[in-house]
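Asker: Mind having a look at this structure? Questions to follow.
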Amino acid sequence: LGRSGVGAGLRGGAVAVVVEAANRSARTGDKVERLARGRGVPVLTGPLDEALGKRLGRTALQAVGVTDGRLAAGIAAAGIAAHVWQQEG
């Protein structure tokens, strides 16, 4: 969870899809997106950072790495991150 956690997961090959907050910082976008795309990991835009964190029982989160392959495939295929979460949050 978060920029550093997602970065570590991407470097270790554990992350299958990244969901970034719609209001992520330029630094988060640059670092996480570059690393993810370099490894062929899809990057989706999700809700605002506070809503993203709230869904996971945390404070504001700018990025989340999904490690479960089946869940990540479903999220990426459906493209649900931005649509469903923003409507709920």
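So you can find residues: chains in the structure tokens are A, B, ... in the order shown, residues in each start at 1, and ligands are numbered from 1 in order.
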Once DSSP has gone over the backbone, tell me which residues of stretch 8-84 of chain A are in strand (DSSP E or B), as JSON, numbers by chain.
Answerer: {"A": [17, 18, 19, 20, 43, 44, 45, 63, 64, 65, 66]}
Asker: Counting only C-alpha atoms, what is within 7 Å of A:Val6, bar same-chain residues fewer than 3 positions away, as a PDB file with all heavy atoms, in the first residue's frame?
Answerer:
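Full text of out07.pdb as output:
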ATOM      1  N   LEU A   1       0.839  -1.189   0.000  1.00  0.00           N
ATOM      2  CA  LEU A   1       0.000   0.000   0.000  1.00  0.00           C
ATOM      3  C   LEU A   1       0.874   1.239   0.000  1.00  0.00           C
ATOM      4  O   LEU A   1       1.911   1.272   0.638  1.00  0.00           O
ATOM      5  CB  LEU A   1      -0.894   0.012   1.248  1.00  0.00           C
ATOM      6  CG  LEU A   1      -1.888  -1.137   1.396  1.00  0.00           C
ATOM      7  CD1 LEU A   1      -2.598  -1.040   2.728  1.00  0.00           C
ATOM      8  CD2 LEU A   1      -2.858  -1.187   0.269  1.00  0.00           C
ATOM      9  N   GLY A   2       0.452   2.234  -0.717  1.00  0.00           N
ATOM     10  CA  GLY A   2       1.224   3.466  -0.783  1.00  0.00           C
ATOM     11  C   GLY A   2       2.328   3.383  -1.811  1.00  0.00           C
ATOM     12  O   GLY A   2       2.647   2.318  -2.345  1.00  0.00           O
ATOM     13  N   ARG A   3       2.913   4.537  -2.115  1.00  0.00           N
ATOM     14  CA  ARG A   3       3.931   4.612  -3.171  1.00  0.00           C
ATOM     15  C   ARG A   3       5.113   3.690  -2.908  1.00  0.00           C
ATOM     16  O   ARG A   3       5.517   2.925  -3.781  1.00  0.00           O
ATOM     17  CB  ARG A   3       4.409   6.051  -3.333  1.00  0.00           C
ATOM     18  CG  ARG A   3       5.433   6.198  -4.444  1.00  0.00           C
ATOM     19  CD  ARG A   3       5.888   7.634  -4.625  1.00  0.00           C
ATOM     20  NE  ARG A   3       6.558   8.114  -3.429  1.00  0.00           N
ATOM     21  CZ  ARG A   3       6.292   9.276  -2.832  1.00  0.00           C
ATOM     22  NH1 ARG A   3       5.395  10.082  -3.324  1.00  0.00           N
ATOM     23  NH2 ARG A   3       6.936   9.639  -1.756  1.00  0.00           N
ATOM     24  N   GLY A   9       6.714  -3.827  -4.192  1.00  0.00           N
ATOM     25  CA  GLY A   9       6.001  -4.967  -4.759  1.00  0.00           C
ATOM     26  C   GLY A   9       6.243  -5.120  -6.250  1.00  0.00           C
ATOM     27  O   GLY A   9       6.389  -6.234  -6.754  1.00  0.00           O
ATOM     28  N   LEU A  10       6.293  -3.996  -6.941  1.00  0.00           N
ATOM     29  CA  LEU A  10       6.582  -4.044  -8.381  1.00  0.00           C
ATOM     30  C   LEU A  10       7.997  -4.544  -8.645  1.00  0.00           C
ATOM     31  O   LEU A  10       8.211  -5.388  -9.515  1.00  0.00           O
ATOM     32  CB  LEU A  10       6.390  -2.658  -9.003  1.00  0.00           C
ATOM     33  CG  LEU A  10       4.945  -2.203  -9.199  1.00  0.00           C
ATOM     34  CD1 LEU A  10       4.877  -0.708  -9.468  1.00  0.00           C
ATOM     35  CD2 LEU A  10       4.301  -2.992 -10.341  1.00  0.00           C
ATOM     36  N   ALA A  63      -1.614   5.089  -3.979  1.00  0.00           N
ATOM     37  CA  ALA A  63      -1.443   3.940  -4.879  1.00  0.00           C
ATOM     38  C   ALA A  63      -1.623   2.647  -4.099  1.00  0.00           C
ATOM     39  O   ALA A  63      -1.253   2.558  -2.933  1.00  0.00           O
ATOM     40  CB  ALA A  63      -0.061   3.970  -5.526  1.00  0.00           C
ATOM     41  N   VAL A  64      -2.190   1.667  -4.780  1.00  0.00           N
ATOM     42  CA  VAL A  64      -2.389   0.332  -4.209  1.00  0.00           C
ATOM     43  C   VAL A  64      -1.950  -0.677  -5.255  1.00  0.00           C
ATOM     44  O   VAL A  64      -2.323  -0.572  -6.424  1.00  0.00           O
ATOM     45  CB  VAL A  64      -3.875   0.096  -3.846  1.00  0.00           C
ATOM     46  CG1 VAL A  64      -4.106  -1.335  -3.402  1.00  0.00           C
ATOM     47  CG2 VAL A  64      -4.328   1.068  -2.770  1.00  0.00           C
ATOM     48  N   GLY A  65      -1.168  -1.645  -4.834  1.00  0.00           N
ATOM     49  CA  GLY A  65      -0.766  -2.726  -5.714  1.00  0.00           C
ATOM     50  C   GLY A  65      -1.578  -3.964  -5.388  1.00  0.00           C
ATOM     51  O   GLY A  65      -1.618  -4.398  -4.241  1.00  0.00           O
TER      52      GLY A  65
END
Asker: Choose the residue, out of A:Ala16, A:Ala60, A:Ala76, A:Ala22, that has the smallest atom-to-atom separation from A:Pro47; count only C-alpha atoms.
Answerer: A:Ala22
Asker: Per DSSP on the backbone, what are the alpha helix (DSSP H) residues of chain A, as a PyMOL selection string?
Answerer: chain A and resi 2-11+26-38+49-55+69-78+80-88
Asker: So, counting only C-alpha atoms, which residue among A:Gly69, A:Asn23, A:Val18, A:Arg11 is closest to A:Glu50?
Answerer: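 Ranked by minimum distance to A:Glu50, first place goes to A:Asn23.
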Asker: With distances taken over only C-alpha atoms, which of A:Leu56, A:Asp68, A:Ala51, A:Gly7 is nearest to A:Asp30?
Answerer: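 Among A:Leu56, A:Asp68, A:Ala51, A:Gly7, it is A:Gly7 that comes nearest to A:Asp30.
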Asker: Leaving out A:Thr45 and any residue of its chain fewer than 6 positions from it, which residues lie within 6 Å of it when counting only C-alpha atoms, given as a PyMOL selection string?
Answerer: chain A and resi 19-22+82
Asker: Expressed in Å to a single decimal, how great is the separation between atom CA of A:Val43 and atom CA of A:Val15?
Answerer: 10.7 Å
Asker: Atom CA of A:Asp49 to atom CA of A:Gln62: how many Å, to one decimal?
Answerer: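 Separating atom CA of A:Asp49 from atom CA of A:Gln62 is a distance of 5.1 Å.
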Asker: For A:Ala73, find every residue with an atom within 10 Å (counting only C-alpha atoms), except residues of its own chain fewer than 6 positions away, and show them as a list in words.
Answerer: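 The neighbour list is Ala16, Val17, Pro42, Val66 and Gly79 of chain A.
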